[in-house]
$ cat run34.txt   # compact mmCIF, C-alpha atoms
# COMPACT_ATOMS: atom_id res chain seq x y z
CA MET A 238 12.47 -2.13 29.86
CA HIS A 239 9.28 -2.04 27.86
CA ALA A 240 6.22 -0.10 28.85
CA SER A 241 3.04 -1.20 27.15
CA ASN A 242 -0.02 0.72 26.13
CA ASP A 243 -2.64 0.54 28.85
CA GLU A 244 -5.20 -0.48 26.26
CA ARG A 245 -5.85 -4.20 26.27
CA VAL A 246 -4.14 -5.93 23.33
CA PRO A 247 -3.77 -9.64 22.61
CA ASP A 248 -0.79 -11.20 24.38
CA TRP A 249 0.63 -12.50 21.11
CA LEU A 250 0.51 -8.99 19.63
CA GLY A 251 2.38 -7.56 22.62
CA GLU A 252 5.05 -10.24 22.21
CA MET A 253 5.33 -9.39 18.52
CA ALA A 254 5.76 -5.69 19.37
CA ARG A 255 8.60 -6.52 21.76
CA ASP A 256 10.28 -8.66 19.09
CA ILE A 257 10.04 -5.73 16.68
CA ASP A 258 11.60 -3.47 19.29
CA SER A 259 14.53 -5.86 19.62
CA LEU A 260 15.00 -5.77 15.86
CA ALA A 261 14.74 -1.99 15.67
CA ARG A 262 17.45 -1.42 18.29
CA ASP A 263 20.01 -1.93 15.55
CA PRO A 264 20.49 1.56 14.03
CA ASN A 265 20.58 0.17 10.49
CA HIS A 266 17.37 -1.77 11.08
CA MET A 267 15.67 1.29 12.58
CA ARG A 268 16.71 3.31 9.55
CA ARG A 269 15.17 0.67 7.26
CA PHE A 270 11.91 0.74 9.22
CA ARG A 271 11.73 4.55 9.08
CA ASP A 272 12.57 4.70 5.39
CA ALA A 273 9.77 2.20 4.71
CA VAL A 274 7.26 4.24 6.74
CA ARG A 275 8.24 7.41 4.88
CA GLN A 276 7.91 5.66 1.54
CA TRP A 277 4.50 4.27 2.48
CA SER A 278 3.36 7.74 3.53
CA GLU A 279 4.45 9.23 0.22
CA GLU A 280 2.68 6.47 -1.70
CA TYR A 281 -0.45 6.91 0.41
CA GLN A 282 -0.52 10.67 -0.21
CA GLY A 283 -0.05 10.02 -3.91
CA ARG A 284 -3.05 7.66 -3.93
CA CYS A 285 -5.13 10.23 -2.05
CA ALA A 286 -4.21 12.94 -4.54
CA THR A 287 -5.07 10.66 -7.45
CA GLN A 288 -8.40 9.75 -5.89
CA LYS A 289 -9.29 13.40 -5.22
CA GLN A 290 -8.40 14.37 -8.77
CA TRP A 291 -10.61 11.57 -10.13
CA THR A 292 -13.49 12.50 -7.79
CA ASP A 293 -13.31 16.15 -8.84
CA ARG A 294 -13.36 15.23 -12.53
CA ARG A 295 -16.34 12.89 -12.02
CA HIS A 296 -18.22 15.58 -10.10
CA GLU A 297 -17.56 18.09 -12.89
CA HIS A 298 -18.88 15.62 -15.46
CA GLU A 299 -21.95 14.95 -13.31
CA GLN A 300 -22.70 18.68 -13.32
CA ALA A 301 -22.25 18.68 -17.10
CA ILE A 302 -24.81 15.87 -17.37
CA ARG A 303 -27.30 17.79 -15.24
CA ASN A 304 -26.86 20.84 -17.49
CA ALA A 305 -26.80 19.06 -20.87
CA PRO A 306 -29.98 17.27 -22.08
CA ARG A 307 -27.95 15.54 -24.79
CA LEU A 308 -25.89 13.66 -22.19
CA ARG A 309 -29.10 12.56 -20.43
CA ASN A 310 -30.64 11.15 -23.61
CA GLU A 311 -29.98 7.42 -23.63
CA ASP A 312 -31.85 6.86 -26.91
CA ALA A 313 -29.55 9.29 -28.72
CA GLY A 314 -26.61 6.99 -28.07
CA PRO A 315 -23.15 7.87 -26.72
CA PRO A 316 -21.70 11.18 -27.93
CA ASN A 317 -18.25 9.57 -28.11
CA ARG A 318 -17.00 6.06 -28.69
CA ASN A 319 -16.80 3.78 -25.63
CA TRP A 320 -18.87 6.12 -23.44
CA ILE A 321 -21.06 4.27 -20.93
CA TRP A 322 -24.53 4.96 -19.60
CA GLU A 323 -23.87 5.69 -15.91
CA PHE A 324 -26.07 6.21 -12.87
CA TYR A 325 -25.27 9.04 -10.42
CA PRO A 326 -27.03 8.71 -7.05
CA LYS A 327 -28.67 11.68 -5.39
CA ILE A 328 -26.75 13.95 -3.05
CA ASP A 329 -28.33 13.72 0.38
CA HIS A 330 -26.43 16.53 2.06
CA ASP A 331 -25.87 19.65 0.02
CA TYR A 332 -25.64 22.46 2.57
CA ARG A 333 -26.38 26.03 1.49
CA PRO A 334 -26.32 29.28 3.55
CA ARG A 335 -29.58 30.96 4.54
CA LEU A 336 -30.93 33.44 7.06
CA LEU A 337 -32.65 31.81 10.01
CA ASP A 338 -34.99 34.78 10.71
CA ALA A 339 -35.27 37.82 8.46
CA ASN A 340 -37.05 39.81 11.20
CA GLU A 341 -34.13 39.62 13.56
CA ASP A 342 -30.41 40.09 13.24
CA PRO A 343 -29.05 38.04 10.32
CA ILE A 344 -27.78 34.63 11.43
CA LEU A 345 -26.00 32.33 9.03
CA GLY A 346 -27.40 28.81 9.06
CA TYR A 347 -27.60 25.80 6.79
CA TRP A 348 -30.32 23.63 5.37
CA GLU A 349 -30.34 20.25 3.75
CA HIS A 350 -30.87 20.39 0.00
CA GLU A 351 -31.48 17.15 -1.87
CA VAL A 352 -30.25 16.74 -5.44
CA ALA A 353 -32.12 14.14 -7.48
CA ASP A 354 -30.63 11.05 -9.13
CA VAL A 355 -29.34 11.49 -12.64
CA GLN A 356 -28.17 9.21 -15.42
CA GLY A 357 -26.04 10.11 -18.38
CA TRP A 358 -23.31 9.24 -20.83
CA THR A 359 -19.92 9.03 -19.17
CA PRO A 360 -16.38 8.49 -20.50
CA PRO A 361 -15.00 5.10 -19.41
CA GLU A 362 -12.28 6.60 -17.21
CA LEU A 363 -14.93 8.35 -15.06
CA THR A 364 -17.28 5.43 -14.46
CA GLY A 365 -17.66 4.12 -10.91
CA SER A 366 -15.81 0.91 -11.78
CA SER A 367 -12.79 2.98 -12.83
CA ALA A 368 -12.46 4.76 -9.49
CA PRO A 369 -8.94 4.59 -8.00
CA LYS A 370 -8.81 1.99 -5.25
CA ASP A 371 -8.61 3.35 -1.74
CA TYR A 372 -7.74 1.08 1.15
CA ARG A 373 -6.30 1.12 4.63
CA LEU A 374 -3.67 -1.28 5.89
CA LEU A 375 -5.67 -1.89 9.06
CA PRO A 376 -7.85 -3.63 10.02
CA LEU A 377 -6.21 -6.64 8.42
CA SER A 378 -9.52 -8.36 7.76
CA ALA A 379 -10.18 -5.72 5.08
CA ALA A 380 -6.60 -4.98 4.05
CA ASP A 381 -5.26 -8.29 2.75
CA ASP A 382 -8.07 -10.14 1.01
CA PRO A 383 -6.61 -11.92 -2.05
CA ASP A 384 -10.09 -12.35 -3.51
CA ASP A 385 -10.63 -8.60 -3.39
CA ASP A 386 -7.21 -7.15 -4.21
CA PRO A 387 -4.15 -9.45 -4.07
CA ARG A 388 -1.79 -6.49 -3.61
CA ARG A 389 -3.37 -4.97 -0.53
CA ALA A 390 -1.07 -4.89 2.51
CA SER A 391 1.32 -7.15 0.66
CA SER A 392 4.40 -5.17 -0.32
CA THR A 393 7.52 -5.19 1.82
CA VAL A 394 7.08 -1.47 2.51
CA GLU A 395 3.55 -2.06 3.77
CA GLN A 396 4.65 -4.95 5.97
CA TYR A 397 7.37 -2.82 7.55
CA THR A 398 4.82 -0.05 8.10
CA VAL A 399 2.23 -2.27 9.78
CA LEU A 400 4.85 -3.75 12.12
CA ALA A 401 6.20 -0.27 12.90
CA ALA A 402 2.68 0.86 13.82
CA VAL A 403 2.24 -2.20 16.06
CA HIS A 404 5.50 -1.34 17.81
CA ASP A 405 4.69 2.35 18.27
CA HIS A 406 1.17 1.61 19.53
CA ILE A 407 2.22 -0.92 22.15
CA CYS A 408 5.81 -0.17 23.18
CA LEU A 409 5.91 3.12 25.05
CA ARG A 410 8.86 4.97 26.61
CA VAL A 411 11.21 3.37 24.10
CA GLU A 412 12.55 4.82 20.88
CA GLN A 413 9.70 5.04 18.41
CA VAL A 414 9.91 4.09 14.77
CA ASN A 415 7.73 7.10 13.89
CA PRO A 416 10.12 9.05 11.63
CA TRP A 417 8.36 12.36 12.21
CA ARG A 418 8.83 12.04 15.95
CA SER A 419 12.50 11.24 15.37
CA ASP A 420 12.75 14.34 13.17
CA GLN A 421 11.34 16.42 16.03
CA SER A 422 13.86 14.96 18.45
CA ALA A 423 16.66 15.76 16.01
CA GLY A 424 15.58 19.41 15.76
CA ASN A 425 14.20 21.38 12.86
CA ASP A 426 16.75 19.94 10.48
CA GLY A 427 15.11 16.52 10.85
CA ALA A 428 16.57 13.24 9.69
CA HIS A 429 16.97 14.35 6.07
CA GLY A 430 18.17 17.92 6.55
CA ARG A 431 14.77 19.55 6.19
CA ILE A 432 11.97 20.84 8.39
CA PRO A 433 9.62 17.92 9.10
CA ASP A 434 6.31 17.97 7.25
CA TRP A 435 3.88 16.95 9.98
CA ARG A 436 1.06 16.51 7.49
CA SER A 437 2.99 13.58 6.04
CA GLY A 438 2.81 11.85 9.43
CA LEU A 439 -0.96 12.12 9.88
CA ALA A 440 -1.72 8.93 7.94
CA TYR A 441 0.85 7.01 9.98
CA ALA A 442 -0.55 8.43 13.22
CA ALA A 443 -3.99 7.16 12.18
CA LEU A 444 -2.46 3.77 11.40
CA ILE A 445 -0.97 3.59 14.90
CA ASP A 446 -4.43 4.20 16.36
CA ALA A 447 -5.87 1.52 14.07
CA VAL A 448 -3.65 -1.14 15.68
CA SER A 449 -6.39 -1.40 18.33
CA SER A 450 -8.56 -2.99 15.62
CA ILE A 451 -6.29 -6.07 15.40
CA ARG A 452 -7.94 -9.15 16.88
CA ASP A 453 -7.01 -12.78 17.50
CA CYS A 454 -8.53 -13.72 14.14
CA ASP A 455 -5.81 -11.63 12.45
CA ARG A 456 -2.95 -13.53 14.09
CA HIS A 457 -2.31 -16.04 11.31
CA GLN A 458 -2.38 -13.32 8.67
CA LEU A 459 -0.07 -10.96 10.54
CA ALA A 460 2.38 -13.70 11.55
CA VAL A 461 3.98 -13.81 8.10
CA PHE A 462 4.99 -10.12 8.24
CA PRO A 463 7.88 -10.52 10.72
CA ASP A 464 9.29 -13.45 8.72
CA CYS A 465 9.36 -11.34 5.56
CA VAL A 466 10.90 -8.36 7.34
CA GLU A 467 13.53 -10.47 9.09
CA GLU A 468 14.47 -12.04 5.76
CA ASP A 469 14.87 -8.57 4.30
CA LEU A 470 16.88 -7.34 7.28
CA SER A 471 19.16 -10.38 7.09
CA GLN A 472 20.73 -8.74 4.05
CA ILE A 473 21.50 -5.56 5.99
CA ASN A 474 25.19 -6.46 6.51
CA SER A 475 25.77 -6.28 2.75
CA CYS A 476 23.86 -3.00 2.41
CA GLY A 477 25.04 0.59 2.45
CA ARG A 478 23.68 3.42 4.59
CA ASP A 479 20.74 3.93 2.23
CA GLY A 480 19.56 0.39 2.95
CA LYS A 481 20.20 -0.80 -0.61
CA PRO A 482 22.77 -3.39 -1.70
CA ASP A 483 26.09 -1.82 -2.62
CA ALA A 484 26.69 -2.09 -6.36
CA PRO A 485 29.94 -3.91 -7.21
CA THR A 486 32.49 -1.92 -9.14
CA ASP A 487 34.99 -2.83 -11.82
CA PRO A 488 38.72 -1.98 -11.51
CA ASN A 489 38.06 1.38 -13.18
CA GLY A 490 35.51 2.33 -10.54
CA ALA A 491 32.42 2.03 -12.73
CA ALA A 492 29.38 0.52 -11.08
CA GLU A 493 28.12 -2.69 -12.61
CA THR A 494 24.40 -3.15 -13.22
CA LYS A 495 22.95 -6.52 -12.35
CA HIS A 496 19.53 -8.11 -12.32
CA HIS A 497 18.02 -9.69 -9.22
CA THR A 498 20.56 -10.83 -6.63
CA THR A 499 19.44 -14.47 -6.55
CA VAL A 500 21.78 -17.17 -7.80
CA PRO A 501 20.23 -18.78 -10.92
CA ASP A 502 21.61 -22.30 -10.40
CA GLN A 503 20.19 -22.35 -6.87
CA GLY A 504 16.74 -21.10 -7.80
CA TYR A 505 14.85 -18.05 -6.57
CA THR A 506 13.92 -17.30 -2.98
CA VAL A 507 10.43 -16.16 -1.95
CA ALA A 508 11.93 -12.75 -1.20
CA ALA A 509 13.34 -12.56 -4.74
CA LEU A 510 9.95 -13.29 -6.31
CA ARG A 511 8.30 -10.79 -3.99
CA GLU A 512 10.86 -8.21 -5.11
CA MET A 513 10.10 -8.97 -8.76
CA THR A 514 6.33 -8.72 -8.35
CA GLU A 515 5.86 -6.57 -5.21
CA LEU A 516 3.34 -9.18 -4.08
CA GLY A 517 3.09 -10.44 -0.53
CA ASN A 518 3.26 -14.05 0.59
CA ALA A 519 -0.50 -14.61 0.50
CA ALA A 520 -0.92 -13.26 -3.03
CA LEU A 521 2.26 -14.97 -4.29
CA ASN A 522 1.08 -18.32 -2.90
CA LYS A 523 -2.28 -17.77 -4.55
CA TYR A 524 -0.74 -17.37 -7.98
CA ALA A 525 1.76 -20.21 -7.37
CA LYS A 526 -1.10 -22.61 -6.59
CA LEU A 527 -2.95 -21.34 -9.65
CA ALA A 528 0.16 -22.21 -11.67
CA ASN A 529 0.30 -25.70 -10.06
CA VAL A 530 3.61 -24.84 -8.42
CA GLN A 531 4.55 -26.24 -5.02
CA THR A 532 4.69 -23.54 -2.31
CA PRO A 533 6.97 -23.48 0.78
CA LEU A 534 5.75 -24.83 4.07
CA ARG A 535 5.20 -22.41 6.93
CA GLY A 536 8.56 -21.38 8.43
CA GLN A 537 10.54 -22.83 5.50
CA ARG A 538 12.64 -19.72 4.93
CA SER A 539 15.30 -21.42 2.80
CA TYR A 540 12.81 -22.55 0.17
CA ARG A 541 13.69 -21.68 -3.43
CA TYR A 542 11.58 -21.81 -6.58
CA SER A 543 13.24 -23.29 -9.64
CA ALA A 544 13.64 -21.04 -12.68
CA ARG A 545 10.89 -23.05 -14.41
CA ASP A 546 8.50 -22.54 -11.48
CA ALA A 547 9.37 -18.85 -11.27
CA ARG A 548 8.50 -18.42 -14.95
CA ALA A 549 5.24 -20.32 -14.46
CA ILE A 550 4.23 -18.04 -11.59
CA LEU A 551 5.06 -14.87 -13.53
CA LYS A 552 3.14 -16.10 -16.58
CA THR A 553 0.14 -16.95 -14.41
CA ILE A 554 0.14 -13.46 -12.91
CA ILE A 555 0.32 -11.92 -16.39
CA GLU A 556 -2.58 -14.06 -17.58
CA ASN A 557 -4.83 -13.57 -14.55
CA SER A 558 -4.09 -10.21 -12.93
CA SER A 559 -6.40 -7.29 -13.70
CA GLU A 560 -3.70 -4.74 -12.82
CA LYS A 561 -1.86 -3.32 -15.82
CA ALA A 562 1.15 -2.16 -13.77
CA LEU A 563 1.56 -5.57 -12.13
CA ARG A 564 1.38 -7.36 -15.49
CA ALA A 565 4.01 -5.02 -16.93
CA LYS A 566 6.31 -5.59 -13.94
CA CYS A 567 6.00 -9.36 -14.34
CA ARG A 568 6.72 -9.15 -18.06
CA ARG A 569 9.96 -7.30 -17.32
CA ALA A 570 10.89 -9.87 -14.69
CA LEU A 571 10.08 -12.67 -17.12
CA GLN A 572 12.42 -11.12 -19.69
CA ASN A 573 15.22 -11.06 -17.10
CA LEU A 574 14.56 -14.69 -16.24
CA GLY A 575 14.62 -15.52 -19.94
CA GLU A 576 18.29 -14.53 -20.03
CA ILE A 577 19.16 -17.14 -17.40
CA PRO A 578 19.57 -20.77 -18.49
CA GLU A 579 17.88 -23.42 -16.40
$ encode --input "run34.txt" --output "structure tokens"
Amino acid sequence: MHASNDERVPDWLGEMARDIDSLARDPNHMRRFRDAVRQWSEEYQGRCATQKQWTDRRHEHEQAIRNAPRLRNEDAGPPNRNWIWEFYPKIDHDYRPRLLDANEDPILGYWEHEVADVQGWTPPELTGSSAPKDYRLLPLSAADDPDDDPRRASSTVEQYTVLAAVHDHICLRVEQVNPWRSDQSAGNDGAHGRIPDWRSGLAYAALIDAVSSIRDCDRHQLAVFPDCVEEDLSQINSCGRDGKPDAPTDPNGAAETKHHTTVPDQGYTVAALREMTELGNAALNKYAKLANVQTPLRGQRSYRYSARDARAILKTIIENSSEKALRAKCRRALQNLGEIPE
């Protein structure tokens, strides 16, 4: 029996959470959910570390600008090729220790110290436009805007993670997807034979709390997530314990390496193209329409793109995406498709 969070949530979201719970009762499905949440957490921590490193480097360069008149001289031109004239806004809250009253016992206090604006020559990798992108999966209204970033909240891992958070926020007194809670229940050895790192679970805990931000206007956007996850889970019977397809072996026991698991003469499923590009349905449809390729109707899970259409979509992504890693991934996929006759 399900017990729901006392907090008021849309009826449709509660029904979705119960459907997720039914899916996750299968041990293999639960393992897939937890592996996805762990992977998302690792990726999120990696992005945070990258962003902090970039912020620290930019702050160090800002201090160099404040201390070096040459870098503040626009008329002198850039000291190095491709450097850009950049504006650094003032710091409104720079707290420094002081004594509140020198005539009495020393008391440590703080005052607000304002640092003025500054402009200076900046290497291209430290300009504001080069800052690593930081985003949250929820609320959805800010997480999956194709016009802003077509890869936000779009990967399979992210879809699993959002649905897991919906489940853990709403369905109480049932087994939680939260892998760090499952590690605690399993003892100090955890699910992977190690002491759980609770810091890794903080981002997911915040995501569970953020489920309360989901509103009725997010329903259409969120509705595609279960379809994608169910399509992925439908392959679970042919997967090993690690949740990945078992590699076929030759008579001598050597594993054979293959490209994507789709059958060329039958076309390519939406899931196959998402695997190639790591794009979600919304972003993939966006590029398909841009390539003048027909897209599947809602609920048409058996739809397959022809090899010609798949190539057109990949080429369109390469030509229009601003993300270097995404373009490189699509080029590799296009090379694989090039080996398959239409």
$ closest_residue --input "run34.txt" --among "A:Ser558, A:Gln356, A:Gln300, A:Asn415" --to "Thr514 in chain A" --atoms "only C-alpha atoms"
A:Ser558
$ atom_distance --input "run34.txt" --atom1 "CA of Trp249 in chain A" --atom2 "CA of Ala273 in chain A"
23.8 Å
$ atom_distance --input "run34.txt" --atom1 "CA of Tyr542 in chain A" --atom2 "CA of Ala509 in chain A"
9.6 Å
$ atom_distance --input "run34.txt" --atom1 "CA of Gln396 in chain A" --atom2 "CA of Trp291 in chain A"
27.7 Å
$ closest_residue --input "run34.txt" --among "A:Arg284, A:Cys408, A:Leu400, A:Thr359" --to "Val246 in chain A" --atoms "only C-alpha atoms"
A:Cys408
$ residues_around --input "run34.txt" --residues "Val274 in chain A" --least-positions-apart "5" --cutoff "10 Å" --atoms "all atoms listed in the file" --output "count of residues only"
19
$ residues_around --input "run34.txt" --residues "Ile407 in chain A" --least-positions-apart "3" --cutoff "12 Å" --atoms "all atoms listed in the file" --output "ChimeraX atom specification"
/A:239-258,400-404,410-414,445-449
$ closest_residue --input "run34.txt" --among "A:Leu527, A:Ala570, A:Met513, A:Leu377" --to "His457 in chain A" --atoms "all atoms listed in the file"
A:Leu377
$ residues_near_point --input "run34.txt" --point "(4.7, -5.1, -1.8)" --cutoff "6 Å" --atoms "all atoms listed in the file" --output "list in words"
Ser391, Ser392, Thr393, Glu515, Leu516 and Gly517 of chain A
$ residues_around --input "run34.txt" --residues "Val355 in chain A" --least-positions-apart "2" --cutoff "10 Å" --atoms "all atoms listed in the file" --output "ChimeraX atom specification"
/A:299-300,302-303,309,323-327,352-353,357
$ closest_residue --input "run34.txt" --among "A:Phe462, A:Leu571, A:Ser278, A:Ser437" --to "Arg545 in chain A" --atoms "all atoms listed in the file"
A:Leu571
$ closest_residue --input "run34.txt" --among "A:Asn557, A:Gln531, A:Ser543, A:Asn265" --to "Ser471 in chain A" --atoms "all atoms listed in the file"
A:Asn265
